[in-house]
Each structure stands twice: as C-alpha cells, then as structure tokens.
$ cat data.tsv   # TSV, C-alpha atoms and all ligand atoms
chain	number	residue	atom	x	y	z
J	1	MET	CA	128.85	199.96	-224.13
J	2	SER	CA	125.39	200.08	-222.51
J	3	THR	CA	124.76	198.61	-219.04
J	4	ARG	CA	122.98	195.30	-219.34
J	5	PRO	CA	119.40	195.66	-218.10
J	6	ALA	CA	117.87	193.02	-215.82
J	7	PRO	CA	116.17	190.20	-217.73
J	8	VAL	CA	112.49	190.51	-218.68
J	9	ARG	CA	110.76	187.20	-218.06
J	10	THR	CA	107.86	186.02	-220.23
J	11	ARG	CA	106.67	182.63	-221.42
J	12	ILE	CA	108.65	183.27	-224.59
J	13	THR	CA	111.97	184.09	-222.88
J	14	GLU	CA	111.52	180.90	-220.84
J	15	MET	CA	110.85	178.85	-224.00
J	16	LEU	CA	113.80	180.34	-225.85
J	17	GLY	CA	116.27	180.66	-222.98
J	18	VAL	CA	117.03	184.34	-223.64
J	19	ASP	CA	117.23	187.36	-221.33
J	20	TYR	CA	115.06	189.73	-223.35
J	21	PRO	CA	111.88	189.13	-225.38
J	22	VAL	CA	113.38	190.89	-228.40
J	23	ILE	CA	113.75	188.86	-231.59
J	24	GLN	CA	115.58	189.85	-234.75
J	25	ALA	CA	113.46	189.20	-237.82
J	26	PRO	CA	114.51	186.67	-240.40
J	27	MET	CA	115.43	188.51	-243.62
J	28	GLY	CA	116.87	187.01	-246.78
J	29	TRP	CA	120.68	187.50	-247.03
J	30	ILE	CA	120.57	189.95	-244.08
J	31	ALA	CA	119.69	187.67	-241.16
J	32	ARG	CA	123.01	185.89	-241.18
J	33	SER	CA	125.61	185.25	-238.51
J	34	GLN	CA	127.07	188.78	-238.28
J	35	LEU	CA	123.70	190.29	-237.34
J	36	ALA	CA	122.12	187.29	-235.60
J	37	SER	CA	125.10	186.62	-233.32
J	38	ALA	CA	125.14	190.28	-232.24
J	39	VAL	CA	121.46	189.97	-231.29
J	40	SER	CA	121.91	186.71	-229.40
J	41	ASN	CA	125.01	187.99	-227.61
J	42	ALA	CA	123.06	191.10	-226.53
J	43	GLY	CA	120.45	188.85	-224.86
J	44	GLY	CA	117.81	188.81	-227.61
J	45	LEU	CA	117.19	186.04	-230.12
J	46	GLY	CA	118.99	186.12	-233.47
J	47	ILE	CA	117.34	184.26	-236.33
J	48	ILE	CA	119.05	182.90	-239.44
J	49	GLU	CA	117.14	183.18	-242.71
J	50	THR	CA	116.50	180.58	-245.40
J	51	SER	CA	114.46	182.80	-247.75
J	52	SER	CA	117.57	183.49	-249.86
J	53	GLY	CA	117.25	179.82	-250.83
J	54	GLU	CA	121.04	179.50	-250.50
J	55	LEU	CA	121.01	176.53	-248.17
J	56	ASP	CA	124.75	175.82	-248.46
J	57	ASN	CA	125.54	179.36	-247.36
J	58	VAL	CA	122.91	179.14	-244.64
J	59	ARG	CA	124.57	175.96	-243.34
J	60	ASN	CA	127.87	177.85	-243.10
J	61	GLU	CA	126.13	180.73	-241.34
J	62	ILE	CA	124.68	178.37	-238.74
J	63	ARG	CA	128.13	176.88	-238.25
J	64	ALA	CA	129.52	180.41	-237.85
J	65	MET	CA	126.87	181.14	-235.21
J	66	ARG	CA	128.32	178.39	-233.02
J	67	ASP	CA	131.69	180.17	-233.11
J	68	LEU	CA	130.29	183.66	-232.60
J	69	THR	CA	127.86	183.01	-229.75
J	70	ASP	CA	127.08	180.42	-227.12
J	71	LYS	CA	123.57	181.86	-226.78
J	72	PRO	CA	120.36	180.47	-228.33
J	73	PHE	CA	119.31	181.41	-231.85
J	74	GLY	CA	116.61	180.32	-234.27
J	75	VAL	CA	116.05	179.61	-237.96
J	76	ASN	CA	113.16	180.73	-240.18
J	77	ILE	CA	111.63	178.49	-242.81
J	78	ALA	CA	110.10	180.86	-245.36
J	79	GLN	CA	107.93	178.28	-247.06
J	80	ALA	CA	107.18	180.21	-250.23
J	81	PHE	CA	110.88	180.59	-250.96
J	82	VAL	CA	112.24	177.21	-249.92
J	83	CYS	CA	110.18	174.60	-251.70
J	84	ASP	CA	112.69	171.82	-251.01
J	85	PRO	CA	110.92	169.39	-248.61
J	86	SER	CA	114.32	168.43	-247.17
J	87	ILE	CA	114.35	171.84	-245.46
J	88	VAL	CA	112.97	170.24	-242.30
J	89	GLU	CA	115.73	167.62	-242.13
J	90	PHE	CA	118.19	170.39	-242.92
J	91	VAL	CA	117.05	172.45	-239.94
J	92	VAL	CA	116.85	169.44	-237.62
J	93	GLU	CA	120.37	168.35	-238.63
J	94	GLN	CA	121.70	171.78	-237.69
J	95	ASN	CA	120.56	171.07	-234.13
J	96	VAL	CA	118.52	174.26	-233.99
J	97	ARG	CA	115.95	174.34	-231.18
J	98	PHE	CA	113.65	177.15	-232.35
J	99	VAL	CA	112.02	177.66	-235.76
J	100	THR	CA	109.61	180.18	-237.16
J	101	THR	CA	107.69	179.11	-240.24
J	102	SER	CA	106.25	181.77	-242.51
J	103	ALA	CA	104.70	182.46	-245.91
J	104	GLY	CA	102.94	179.13	-246.18
J	105	ASP	CA	100.65	176.50	-244.76
J	106	PRO	CA	101.32	175.76	-241.06
J	107	THR	CA	100.05	172.19	-241.44
J	108	LYS	CA	102.95	171.43	-243.79
J	109	TYR	CA	105.95	171.22	-241.44
J	110	THR	CA	104.72	171.76	-237.86
J	111	ALA	CA	104.17	168.09	-236.91
J	112	GLN	CA	107.52	167.02	-238.37
J	113	LEU	CA	109.41	169.85	-236.65
J	114	LYS	CA	107.71	169.23	-233.32
J	115	ALA	CA	108.30	165.48	-233.56
J	116	ALA	CA	112.01	166.35	-233.85
J	117	GLY	CA	111.74	168.29	-230.59
J	118	LEU	CA	111.81	171.84	-231.95
J	119	THR	CA	109.76	174.77	-230.69
J	120	VAL	CA	107.71	176.10	-233.61
J	121	PHE	CA	106.15	179.55	-234.02
J	122	HIS	CA	104.19	180.38	-237.18
J	123	VAL	CA	103.94	183.88	-238.67
J	124	VAL	CA	100.36	185.05	-239.23
J	125	PRO	CA	98.79	188.16	-240.79
J	126	THR	CA	95.13	187.43	-239.86
J	127	LEU	CA	93.01	185.81	-237.14
J	128	ALA	CA	91.99	183.00	-239.52
J	129	ALA	CA	95.64	182.18	-240.19
J	130	ALA	CA	96.31	182.24	-236.44
J	131	LEU	CA	93.54	179.74	-235.71
J	132	LYS	CA	94.77	177.48	-238.52
J	133	ALA	CA	98.29	177.55	-237.05
J	134	ILE	CA	96.95	176.72	-233.59
J	135	ALA	CA	95.03	173.77	-235.05
J	136	ALA	CA	98.30	172.64	-236.67
J	137	GLY	CA	99.85	172.47	-233.19
J	138	VAL	CA	102.31	175.40	-233.14
J	139	ASP	CA	103.84	176.47	-229.82
J	140	GLY	CA	103.34	180.18	-230.49
J	141	LEU	CA	102.59	182.82	-233.09
J	142	VAL	CA	104.40	185.73	-234.67
J	143	VAL	CA	101.57	188.19	-235.34
J	144	GLU	CA	102.67	190.43	-238.16
J	145	GLY	CA	100.97	193.77	-238.73
J	146	GLY	CA	100.73	195.21	-242.22
J	147	GLU	CA	102.88	198.24	-241.34
J	148	GLY	CA	105.92	195.96	-241.24
J	149	GLY	CA	108.45	195.52	-244.02
J	150	GLY	CA	108.55	192.47	-246.27
J	151	PHE	CA	106.01	190.15	-247.87
J	152	LYS	CA	102.50	190.84	-246.68
J	153	ASN	CA	98.94	189.69	-246.98
J	154	PRO	CA	97.42	192.08	-249.60
J	155	ARG	CA	94.57	192.60	-247.09
J	156	ASP	CA	96.92	194.09	-244.54
J	157	VAL	CA	95.84	194.75	-240.97
J	158	ALA	CA	97.79	197.04	-238.63
J	159	SER	CA	99.32	195.63	-235.43
J	160	MET	CA	97.04	197.84	-233.33
J	161	VAL	CA	94.02	195.87	-234.54
J	162	LEU	CA	95.54	192.47	-235.26
J	163	LEU	CA	97.51	191.89	-232.06
J	164	PRO	CA	94.72	192.29	-229.48
J	165	LEU	CA	92.33	190.42	-231.77
J	166	VAL	CA	94.58	187.38	-232.07
J	167	ALA	CA	95.81	187.56	-228.47
J	168	SER	CA	92.23	187.50	-227.19
J	169	LYS	CA	91.44	184.30	-229.11
J	170	VAL	CA	94.50	182.13	-228.47
J	171	ASP	CA	96.31	180.76	-225.42
J	172	VAL	CA	99.75	180.32	-226.96
J	173	PRO	CA	102.32	183.10	-226.53
J	174	VAL	CA	102.42	185.81	-229.18
J	175	VAL	CA	105.38	187.69	-230.68
J	176	ALA	CA	104.43	191.11	-232.08
J	177	ALA	CA	106.02	192.05	-235.41
J	178	GLY	CA	105.48	195.17	-237.48
J	179	GLY	CA	106.22	198.74	-236.48
J	180	ILE	CA	108.43	198.16	-233.45
J	181	THR	CA	111.72	199.97	-232.94
J	182	ASP	CA	111.86	200.94	-229.26
J	183	GLY	CA	110.58	200.46	-225.73
J	184	ALA	CA	107.38	202.45	-226.29
J	185	GLY	CA	106.47	200.12	-229.16
J	186	MET	CA	107.39	197.13	-227.04
J	187	ALA	CA	105.24	198.33	-224.12
J	188	ALA	CA	102.34	198.97	-226.52
J	189	ALA	CA	102.73	195.46	-227.98
J	190	PHE	CA	102.72	193.97	-224.48
J	191	ALA	CA	99.61	195.98	-223.60
J	192	LEU	CA	97.97	194.47	-226.69
J	193	GLY	CA	98.81	190.93	-225.58
J	194	ALA	CA	102.31	190.17	-226.87
J	195	GLU	CA	105.05	188.53	-224.80
J	196	ALA	CA	107.90	189.36	-227.18
J	197	VAL	CA	108.62	191.68	-230.09
J	198	GLN	CA	110.31	191.06	-233.43
J	199	MET	CA	112.18	193.86	-235.21
J	200	GLY	CA	112.86	193.80	-238.94
J	201	THR	CA	113.46	197.29	-240.31
J	202	ARG	CA	115.27	198.38	-237.12
J	203	MET	CA	117.68	195.47	-237.59
J	204	VAL	CA	118.24	196.21	-241.30
J	205	SER	CA	119.54	199.60	-240.17
J	206	ALA	CA	121.66	198.26	-237.28
J	207	ALA	CA	125.42	198.76	-237.35
J	208	GLU	CA	126.01	194.98	-237.62
J	209	SER	CA	123.52	194.56	-240.48
J	210	PRO	CA	125.45	193.51	-243.60
J	211	VAL	CA	123.48	195.76	-246.00
J	212	HIS	CA	125.09	198.72	-247.77
J	213	ASP	CA	125.13	201.99	-245.85
J	214	ASN	CA	122.96	203.63	-248.56
J	215	TRP	CA	119.99	201.51	-247.44
J	216	LYS	CA	120.67	202.20	-243.76
J	217	GLN	CA	120.87	205.94	-244.44
J	218	ALA	CA	117.68	205.79	-246.54
J	219	ILE	CA	115.93	204.28	-243.51
J	220	VAL	CA	117.35	206.98	-241.23
J	221	ASN	CA	116.21	209.69	-243.67
J	222	ALA	CA	112.78	208.15	-244.37
J	223	ALA	CA	109.53	209.76	-243.23
J	224	GLU	CA	106.73	207.54	-241.94
J	225	THR	CA	105.09	207.91	-245.36
J	226	ASP	CA	108.15	206.70	-247.27
J	227	THR	CA	107.09	203.10	-247.86
J	228	VAL	CA	104.89	201.70	-250.62
J	229	PHE	CA	102.57	198.70	-250.63
J	230	LEU	CA	103.02	196.71	-253.85
J	231	ASN	CA	100.62	194.14	-255.29
J	232	ARG	CA	97.63	195.41	-253.33
J	233	PHE	CA	95.35	193.48	-255.69
J	234	SER	CA	97.74	190.70	-256.57
J	235	ARG	CA	100.30	188.47	-254.85
J	236	PRO	CA	102.67	188.56	-253.17
J	237	GLY	CA	101.78	191.81	-251.40
J	238	LEU	CA	104.84	193.55	-250.04
J	239	ARG	CA	105.90	196.69	-248.21
J	240	ALA	CA	109.07	198.41	-249.37
J	241	LEU	CA	111.01	201.63	-249.23
J	242	ARG	CA	109.70	204.37	-251.51
J	243	THR	CA	112.16	204.93	-254.35
J	244	GLU	CA	111.66	206.08	-257.94
J	245	ARG	CA	111.33	202.44	-258.97
J	246	THR	CA	108.82	201.42	-256.30
J	247	THR	CA	106.81	204.63	-256.73
J	248	ARG	CA	106.34	203.59	-260.35
J	249	LEU	CA	105.59	199.96	-259.42
J	250	GLU	CA	103.05	201.05	-256.79
J	251	ARG	CA	100.52	201.72	-259.55
J	252	ASP	CA	101.12	198.46	-261.42
J	253	GLU	CA	98.41	195.82	-261.39
J	254	HIS	CA	100.99	193.11	-260.77
J	255	VAL	CA	104.62	193.39	-259.72
J	256	ASP	CA	106.56	190.35	-260.81
J	257	MET	CA	109.23	188.70	-258.67
J	258	SER	CA	111.71	189.43	-261.46
J	259	GLU	CA	111.81	192.97	-260.02
J	260	PHE	CA	113.96	191.38	-257.28
J	261	GLY	CA	116.46	190.22	-259.89
J	262	ARG	CA	119.28	192.55	-258.85
J	263	THR	CA	118.74	192.26	-255.11
J	264	ARG	CA	122.46	191.90	-254.38
J	265	ASP	CA	123.22	195.18	-256.19
J	266	LEU	CA	120.77	196.88	-253.86
J	267	TYR	CA	121.53	195.05	-250.62
J	268	PHE	CA	125.32	195.04	-250.88
J	269	GLY	CA	126.09	197.42	-253.76
J	270	GLY	CA	123.93	200.24	-252.40
J	271	ASP	CA	122.02	200.90	-255.64
J	272	LEU	CA	118.56	201.57	-254.20
J	273	GLU	CA	116.98	201.56	-257.65
J	274	ALA	CA	118.38	198.13	-258.58
J	275	ALA	CA	115.61	196.11	-256.90
J	276	ILE	CA	113.09	196.42	-254.05
J	277	ALA	CA	114.24	197.37	-250.54
J	278	LEU	CA	111.77	195.65	-248.20
J	279	THR	CA	111.22	198.16	-245.39
J	280	GLY	CA	108.47	198.96	-242.87
J	281	GLN	CA	106.69	202.20	-241.96
J	282	VAL	CA	108.69	202.32	-238.73
J	283	ALA	CA	111.61	203.61	-240.83
J	284	GLY	CA	109.99	206.99	-240.14
J	285	ARG	CA	110.93	206.61	-236.45
J	286	ILE	CA	114.51	205.40	-236.92
J	287	GLU	CA	116.92	208.28	-236.53
J	288	SER	CA	120.35	206.69	-236.51
J	289	VAL	CA	122.37	203.60	-237.26
J	290	GLU	CA	122.99	201.98	-233.89
J	291	PRO	CA	124.79	198.87	-232.69
J	292	VAL	CA	122.46	195.95	-231.94
J	293	GLU	CA	123.42	195.86	-228.28
J	294	SER	CA	122.40	199.47	-227.71
J	295	ILE	CA	119.14	198.96	-229.68
J	296	ILE	CA	118.16	196.00	-227.52
J	297	HIS	CA	119.30	197.35	-224.16
J	298	ARG	CA	117.78	200.78	-224.77
J	299	THR	CA	114.52	199.14	-225.88
J	300	VAL	CA	114.36	197.13	-222.65
J	301	ASP	CA	115.20	200.17	-220.48
J	302	GLU	CA	112.57	202.30	-222.26
J	303	PHE	CA	110.05	199.46	-221.98
J	304	ARG	CA	110.50	199.44	-218.20
J	305	ARG	CA	110.22	203.25	-218.00
J	306	CYS	CA	107.00	203.11	-220.06
J	307	VAL	CA	105.51	200.43	-217.84
J	308	ASP	CA	106.44	202.48	-214.74
J	309	ARG	CA	104.93	205.62	-216.23
J	310	LEU	CA	101.67	203.83	-216.97
J	311	GLN	CA	101.38	202.85	-213.27
J	312	HIS	CA	100.38	206.48	-212.77
J	313	TYR	CA	96.96	205.66	-214.23
J	314	ARG	CA	96.16	202.89	-211.78
I	401	LIG	C1	114.32	193.19	-245.66
I	401	LIG	C2	113.27	192.30	-245.05
I	401	LIG	C3	113.25	190.94	-245.36
I	401	LIG	C4	112.31	190.09	-244.75
I	401	LIG	N1	112.36	188.74	-245.01
I	401	LIG	C5	111.58	187.89	-244.28
I	401	LIG	C6	111.76	186.47	-244.36
I	401	LIG	O1	112.63	185.97	-245.06
I	401	LIG	N2	110.95	185.68	-243.61
I	401	LIG	C7	109.99	186.22	-242.78
I	401	LIG	O2	109.28	185.46	-242.10
I	401	LIG	N3	109.81	187.55	-242.67
I	401	LIG	C8	110.59	188.39	-243.40
I	401	LIG	N4	110.43	189.75	-243.25
I	401	LIG	C9	109.44	190.28	-242.29
I	401	LIG	C10	110.10	190.39	-240.92
I	401	LIG	O3	110.31	189.09	-240.42
I	401	LIG	C11	109.32	191.17	-239.84
I	401	LIG	O4	108.19	190.47	-239.44
I	401	LIG	C12	108.94	192.56	-240.23
I	401	LIG	O5	110.06	193.21	-240.79
I	401	LIG	C13	108.48	193.31	-239.00
I	401	LIG	O6	108.12	194.63	-239.29
I	401	LIG	P1	109.13	195.89	-239.15
I	401	LIG	O7	109.87	195.91	-240.45
I	401	LIG	O8	108.20	197.02	-238.97
I	401	LIG	O9	110.01	195.62	-237.97
I	401	LIG	C14	111.35	190.62	-243.87
I	401	LIG	C15	111.36	192.01	-243.58
I	401	LIG	C16	112.29	192.84	-244.15
I	401	LIG	C17	112.29	194.31	-243.78

$ encode --input "data.tsv" --output "structure tokens"
Amino acid sequence: MSTRPAPVRTRITEMLGVDYPVIQAPMGWIARSQLASAVSNAGGLGIIETSSGELDNVRNEIRAMRDLTDKPFGVNIAQAFVCDPSIVEFVVEQNVRFVTTSAGDPTKYTAQLKAAGLTVFHVVPTLAAALKAIAAGVDGLVVEGGEGGGFKNPRDVASMVLLPLVASKVDVPVVAAGGITDGAGMAAAFALGAEAVQMGTRMVSAAESPVHDNWKQAIVNAAETDTVFLNRFSRPGLRALRTERTTRLERDEHVDMSEFGRTRDLYFGGDLEAAIALTGQVAGRIESVEPVESIIHRTVDEFRRCVDRLQHYR
C-alpha cells in the first residue's frame, strides 16, 4: 500500500471535500460503485454514471457507495443519454452533493440542480460552450480536450490549447480532462489553469475497473497512435481504441449508435470487436494495470516533484 500523500488544496478540493484534486471520469457501466468507491476512499472523487440509462441499477450503485465509502462522491448527468426529465429529481433524491452535466445544454438542468443545493460543473469542449455554461450559472467547468476518450465535439481541440484559453476567460474553477494519467500531466494541467484533473482512460484500466481484462491489456499495449476519431464530419464524434472494427468505421461518413449494440460483450465479455471501446490517446502512456489508490497517490507525489523541479526555473 502506498503512503498517503499530504492533501493538495484547491478551490475544487474545498468545494468537494476531498484530499486530492483527482476525479474519476463518469463512464457508462464502468463508473459504478466498485471503481468510484476505490477512488473516493483513496482521497479523490469517484463519480457514478447515468449514461448507461439504467437508472434502477444506478440507484443501487449509489446505495452501494454509502456502504463502501464515507467519503464524498458525485454523479454525472449525461444529457444526451438520459432524456428522462425526472433525472434531476432522481439525483436530488439520492442526496448527492456534486453533479457534472455533460453532452447537452447547460441551461437545461443547472438552475434546478442549484436550487436543490447541489454543486454543478458542466463539461465543455470549446470556449463558446464554456461561456454558455457560465451564463447558465454553473459552479465550475470540466474542460475536455479532444485527445480524451469518449464522445467528443467533431471539431476537437487538444487540452494544451483549450485549457489555457478557457481558464483565461472564466473565474470559476476548472477541471482538466483529456490526456491525463500521472503527475506530469496534472502539473501541466495546473500550469494551464486547472485546479483538478479528471481521468477516464487511466481509470478504465485500473485494477478496480469492472471491464474485462482484454480491454485493460489493450490499453496497456496501445501506442499513442492507437485510437481513432469516428464521425469527424457527423455526430456524435467519438474517440475509441483502434481495432479492426473501428479502423474500418474510421472511414465511414456516419457511424450509427447501433455499433454500440453489443457493448456488454466488449466491456464485460472481452470481445474487443463486439462494439466500440471508448479510449483516449493517453492509452499510449499507460504501462500497467494498477490499483486506484496507487494511481492517485503516485500522481499526487509526482505532481509535487514536478512542481518542485519547475522551481529551478524561477
Ligand atoms: C469508456 C468511456 C466512457 C465515457 N463516458 C462518459 C460519460 O458517460 N459521461 C461523460 O461526461 N464523459 C464520459 N467519458 C469522457 C470522460 O468523462 C473523460 O472526460 C475522458 O475520458 C477524459 O479523457 P482521458 O480518457 O484521456 O482520461 C467517457 C470516457 C471513456 C473513456
């Protein structure tokens, strides 16, 4: 077991009540209690997904979180996937204090969530989306670079450009998402204006992630060039692991959501050709399957070493 590093204090850790500004990304079927409780117990923030659309299961997962951790955790409302307007009441009823909203219009749920006393961060892929979310009254932003895994704006912008751009135009705290797996990435994100980082692909490959080992090993074996961007000229844009199937789909004018039909066979059966394995470019930097606690604590230790090293240039 790793030694617990001293807390890193930012506006976001204060808002969330966590020791480390490291957030586990919401991910359909994956971001459930087994993974999220490990993250929260390690001092980061676990997030439970709703993008699977399986709200009954999600309710059970939230209940399970209360047994598995006494630490804070959040819930994501992936608006494109949960069209049920009762989602807000659902989240409020679960007594969750922190919500990220994504893949949709920030004016839709922000006022209602905030009126219920929740802290709301919206996920944005562009400056225009960030300004719209601010106008809607969000407490913070998750700024998501196009190198990250998952659904993406077809006009993708890398974190290196997007983060400092958004951070320079807003006053609310910013979480950096896309391309982060370690303390060097975290230090870079902080240099660019972030006060927390969110990890998706790194958490898919974590020991406590519920996905089949074939996907974890594919991430470990992937080069930085082993993802594809699908629906570049259509919607929804998405970044996924390069497989035979996605290499073929990469050239298609439009990739239909039916390609996700056998997601469970991929996620839990390990058949990487059964559907689309959402994965970010940072897979090229992930070299082993590691327990969540060591990922988070090592990231924080490396972050501090990076910050110390940079003092040399003062
Ligand atoms: C398998 C997978 C599923 C995802 N599902 C969601 C989701 O349901 N809601 C959401 O807001 N983001 C989702 N994302 C995006 C992540 O929240 C995160 O921002 C992204 O993975 C960060 O980039 P990284 O993969 O380089 O860490 C998903 C990403 C992956 C890899």

$ closest_residue --input "data.tsv" --among "J:Lys114, J:Arg262, J:Arg285, J:Arg239" --to "Asn221 in chain J" --atoms "all atoms listed in the file"
J:Arg285

$ residues_near_ligand --input "data.tsv" --ligand "ligand LIG 401 (chain I)" --cutoff "9 Å" --atoms "only C-alpha atoms and all ligand atoms" --output "ChimeraX atom specification"
/J:24-31,49-52,76-79,81,100-103,122-123,142-152,176-181,197-204,239-240,267,277-283

$ residues_near_point --input "data.tsv" --point "(108.3, 195.5, -225.6)" --cutoff "7 Å" --atoms "all atoms listed in the file" --output "list in words"
Gly183, Gly185, Met186, Ala187, Ala188, Ala189, Phe190, Ala196, Val197, Val300 and Phe303 of chain J

$ residues_around --input "data.tsv" --residues "Ile276 in chain J" --least-positions-apart "5" --cutoff "12 Å" --atoms "only C-alpha atoms" --output "NGL selection string"
:J and (149-151 or 215 or 227-230 or 238-250 or 255-267 or 270-271)

$ residues_around --input "data.tsv" --residues "Thr119 in chain J" --least-positions-apart "5" --cutoff "10 Å" --atoms "all atoms listed in the file" --output "ChimeraX atom specification"
/J:15-16,74,96-100,110,113-114,138-140

$ write_last_selection --input "data.tsv" --atoms "C-alpha atoms" --output "PDB file, in the coordinates of the input"
ATOM      1  CA  MET J  15     110.850 178.850-224.000  1.00  0.00           C
ATOM      2  CA  LEU J  16     113.800 180.340-225.850  1.00  0.00           C
ATOM      3  CA  GLY J  74     116.610 180.320-234.270  1.00  0.00           C
ATOM      4  CA  VAL J  96     118.520 174.260-233.990  1.00  0.00           C
ATOM      5  CA  ARG J  97     115.950 174.340-231.180  1.00  0.00           C
ATOM      6  CA  PHE J  98     113.650 177.150-232.350  1.00  0.00           C
ATOM      7  CA  VAL J  99     112.020 177.660-235.760  1.00  0.00           C
ATOM      8  CA  THR J 100     109.610 180.180-237.160  1.00  0.00           C
ATOM      9  CA  THR J 110     104.720 171.760-237.860  1.00  0.00           C
ATOM     10  CA  LEU J 113     109.410 169.850-236.650  1.00  0.00           C
ATOM     11  CA  LYS J 114     107.710 169.230-233.320  1.00  0.00           C
ATOM     12  CA  VAL J 138     102.310 175.400-233.140  1.00  0.00           C
ATOM     13  CA  ASP J 139     103.840 176.470-229.820  1.00  0.00           C
ATOM     14  CA  GLY J 140     103.340 180.180-230.490  1.00  0.00           C
TER      15      GLY J 140
END

$ atom_distance --input "data.tsv" --atom1 "CA of Gln34 in chain J" --atom2 "CA of Gly269 in chain J"
17.8 Å

$ atom_distance --input "data.tsv" --atom1 "CA of Pro125 in chain J" --atom2 "CA of His254 in chain J"
20.7 Å

$ closest_residue --input "data.tsv" --among "J:Ala223, J:Cys306, J:Leu118, J:Ala36" --to "Arg66 in chain J" --atoms "only C-alpha atoms"
J:Ala36

$ closest_residue --input "data.tsv" --among "J:Gln217, J:Ala115, J:Glu89, J:Asp171" --to "Ser205 in chain J" --atoms "all atoms listed in the file"
J:Gln217

$ residues_near_point --input "data.tsv" --point "(126.5, 185.7, -231.4)" --cutoff "10 Å" --atoms "all atoms listed in the file" --output "list of chain:residue names"
J:Ser33, J:Gln34, J:Leu35, J:Ala36, J:Ser37, J:Ala38, J:Val39, J:Ser40, J:Asn41, J:Ala42, J:Gly43, J:Gly44, J:Leu45, J:Gly46, J:Ala64, J:Met65, J:Arg66, J:Asp67, J:Leu68, J:Thr69, J:Asp70, J:Lys71, J:Pro72, J:Phe73

$ write_last_selection --input "data.tsv" --atoms "C-alpha atoms" --output "short mmCIF file (atom, residue, chain, number, x, y, z; two decimals), in the coordinates of the input"
data_model
loop_
_atom_site.label_atom_id
_atom_site.label_comp_id
_atom_site.auth_asym_id
_atom_site.auth_seq_id
_atom_site.Cartn_x
_atom_site.Cartn_y
_atom_site.Cartn_z
CA SER J 33 125.61 185.25 -238.51
CA GLN J 34 127.07 188.78 -238.28
CA LEU J 35 123.70 190.29 -237.34
CA ALA J 36 122.12 187.29 -235.60
CA SER J 37 125.10 186.62 -233.32
CA ALA J 38 125.14 190.28 -232.24
CA VAL J 39 121.46 189.97 -231.29
CA SER J 40 121.91 186.71 -229.40
CA ASN J 41 125.01 187.99 -227.61
CA ALA J 42 123.06 191.10 -226.53
CA GLY J 43 120.45 188.85 -224.86
CA GLY J 44 117.81 188.81 -227.61
CA LEU J 45 117.19 186.04 -230.12
CA GLY J 46 118.99 186.12 -233.47
CA ALA J 64 129.52 180.41 -237.85
CA MET J 65 126.87 181.14 -235.21
CA ARG J 66 128.32 178.39 -233.02
CA ASP J 67 131.69 180.17 -233.11
CA LEU J 68 130.29 183.66 -232.60
CA THR J 69 127.86 183.01 -229.75
CA ASP J 70 127.08 180.42 -227.12
CA LYS J 71 123.57 181.86 -226.78
CA PRO J 72 120.36 180.47 -228.33
CA PHE J 73 119.31 181.41 -231.85
#

$ closest_residue --input "data.tsv" --among "J:Lys216, J:Arg11, J:Arg155, J:Arg304" --to "Asn231 in chain J" --atoms "only C-alpha atoms"
J:Arg155

$ closest_residue --input "data.tsv" --among "J:Arg305, J:Arg235, J:His297, J:Arg314" --to "Pro21 in chain J" --atoms "all atoms listed in the file"
J:His297

$ atom_distance --input "data.tsv" --atom1 "CA of Asp182 in chain J" --atom2 "CA of Gly104 in chain J"
29.0 Å

$ residues_around --input "data.tsv" --residues "Asp19 in chain J" --least-positions-apart "6" --cutoff "8 Å" --atoms "all atoms listed in the file" --output "mmCIF file with C-alpha atoms, keeping the file's coordinate frame"
data_model
loop_
_atom_site.group_PDB
_atom_site.id
_atom_site.type_symbol
_atom_site.label_atom_id
_atom_site.label_comp_id
_atom_site.auth_asym_id
_atom_site.auth_seq_id
_atom_site.Cartn_x
_atom_site.Cartn_y
_atom_site.Cartn_z
ATOM 1 C CA ALA J 6 117.870 193.020 -215.820
ATOM 2 C CA PRO J 7 116.170 190.200 -217.730
ATOM 3 C CA VAL J 8 112.490 190.510 -218.680
ATOM 4 C CA ARG J 9 110.760 187.200 -218.060
ATOM 5 C CA THR J 13 111.970 184.090 -222.880
ATOM 6 C CA GLY J 43 120.450 188.850 -224.860
ATOM 7 C CA GLY J 44 117.810 188.810 -227.610
#

$ residues_around --input "data.tsv" --residues "Asp105 in chain J" --least-positions-apart "6" --cutoff "10 Å" --atoms "only C-alpha atoms" --output "list in words"
Gln79, Ala80, His122, Ala129, Lys132, Ala133 and Ala136 of chain J

$ residues_around --input "data.tsv" --residues "Ala167 in chain J" --least-positions-apart "2" --cutoff "12 Å" --atoms "all atoms listed in the file" --output "PyMOL selection string"
chain J and resi 124+126-127+130-131+140-143+159-165+169-176+189-195
